[in-house]
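Inspection log for the structure reproduced underneath, given as structure tokens.
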Amino acid sequence: MTTVNDCRLLDLPRIVREEGSITPIEGGKHVPFEIARVYYLYDVPGGSSRGGHAHKQLLQLMVAVMGSFDVVLDDGYTRRRVSLNRGYYGLYLPNLIWRELENFSSGAICVVLASQPYQESEYIREYSNFIHYKKSVAQTVR
């Protein structure tokens with residue numbers, strides 16, 4: 001069963017040149033899954049939060065490509081906060097981890113790489129449902 005300890009920062013490739021830096025990302029090479037979807041969050045008003053959900057199977061990598069924000073991780077037992085503020089660090093999120101994004105700096109942009117195309121049925125949007133689902137999965141695994 002996944003825990004917040006399975007979430008980890010990944011060092012992404014960084015090519016630094018005088019005329020600017022670049023960070024290339026390849027699925028299965030720089031992230032531990034093939035990339036099926038890319039989306040980004042931007043224009044998040046100060047004091048607002050995003051996320052507030054978990055995924056049943058989906059894997060993700062979050063990167064602060066501009067500015068900064070915090071990701072609050074919760075596995076149903078333990079909470080952990082990770083601050084993202086560099087375009088060459090990505091936060092790997094396995095399935096069944098509740099996440100909330102907070103403290104967006106002005107102009108922050110969060111890019112998310114996902115292992116599956118969008119499917120609403122993949123989301124768990126209520127925390128109590130997340131706890132119930134995770135416990136039922138844990139019982140099935142035993």
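Labeling convention for the structure tokens: chains A, B, ... as they appear, residues from 1 per chain, ligands from 1 in order of appearance.
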>> Need to verify the contact set: Ile35 in chain A, 9 Å, only C-alpha atoms, exclusion of same-chain residues closer than 2 positions in sequence. Can you return it as an MDAnalysis selection string?
In response: chainID A and resid 26:28 31 33 37:38 60 113:116
>> as a ChimeraX atom specification, please: every residue in chain A that DSSP puts in alpha helix (DSSP H).
In response: /A:127-141
> Which residues come within 12 Å of Lys135 in chain A, counting only C-alpha atoms, excluding same-chain residues fewer than 2 positions away, as a PyMOL selection string?
Replying inline: chain A and resi 1-2+75-77+96+128-133+137-142
Atoms to include: C-alpha atoms. Write the selected residues as an mmCIF file, in the first residue's frame.
```cif
data_model
loop_
_atom_site.group_PDB
_atom_site.id
_atom_site.type_symbol
_atom_site.label_atom_id
_atom_site.label_comp_id
_atom_site.auth_asym_id
_atom_site.auth_seq_id
_atom_site.Cartn_x
_atom_site.Cartn_y
_atom_site.Cartn_z
ATOM 1 C CA MET A 1 0.000 0.000 0.000
ATOM 2 C CA THR A 2 1.393 3.420 -0.911
ATOM 3 C CA ASP A 75 -1.752 8.567 2.926
ATOM 4 C CA GLY A 76 -4.561 8.296 5.476
ATOM 5 C CA TYR A 77 -2.134 7.987 8.404
ATOM 6 C CA LEU A 96 -3.702 6.461 -3.571
ATOM 7 C CA SER A 128 -13.726 10.282 3.713
ATOM 8 C CA ASN A 129 -14.215 8.275 0.496
ATOM 9 C CA PHE A 130 -10.425 8.182 0.056
ATOM 10 C CA ILE A 131 -9.966 6.689 3.540
ATOM 11 C CA HIS A 132 -12.707 4.125 2.920
ATOM 12 C CA TYR A 133 -11.334 3.182 -0.537
ATOM 13 C CA VAL A 137 -7.882 -1.915 -1.121
ATOM 14 C CA ALA A 138 -5.598 -2.789 1.819
ATOM 15 C CA GLN A 139 -7.984 -5.563 2.904
ATOM 16 C CA THR A 140 -8.076 -6.960 -0.638
ATOM 17 C CA VAL A 141 -4.261 -7.049 -0.804
ATOM 18 C CA ARG A 142 -3.922 -9.073 2.433
#
```
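CA of Pro13 in chain A sits 7.3 Å away from CA of Ile25 in chain A.
Between CA of Phe104 in chain A and CA of Asp74 in chain A there is a distance of 18.9 Å.
Distances to Thr23 in chain A were evaluated for A:Val65, A:Val71, A:Val112, A:Leu41 using only C-alpha atoms, and the minimum falls at A:Val65.
Taking CA of Leu9 in chain A and CA of Gly90 in chain A as the two end points, the separation is 5.5 Å.
By chain and then residue number, the residues within 9 Å of Val4 in chain A are Thr2, Asp6, Cys7, Arg8, Leu73, Asp74, Asp75, Tyr77, Thr78, Arg79, Arg80, Leu93, Pro94 and Ile97 of chain A, counting only C-alpha atoms and disregarding those fewer than 2 positions away in sequence.
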>> With DSSP run on the backbone, what are the strand (DSSP E or B) residues within range 49-99 of chain A? I'd like them as an MDAnalysis selection string.
In response: chainID A and resid 50:55 60:66 69:74 79:84 89:93 98:99
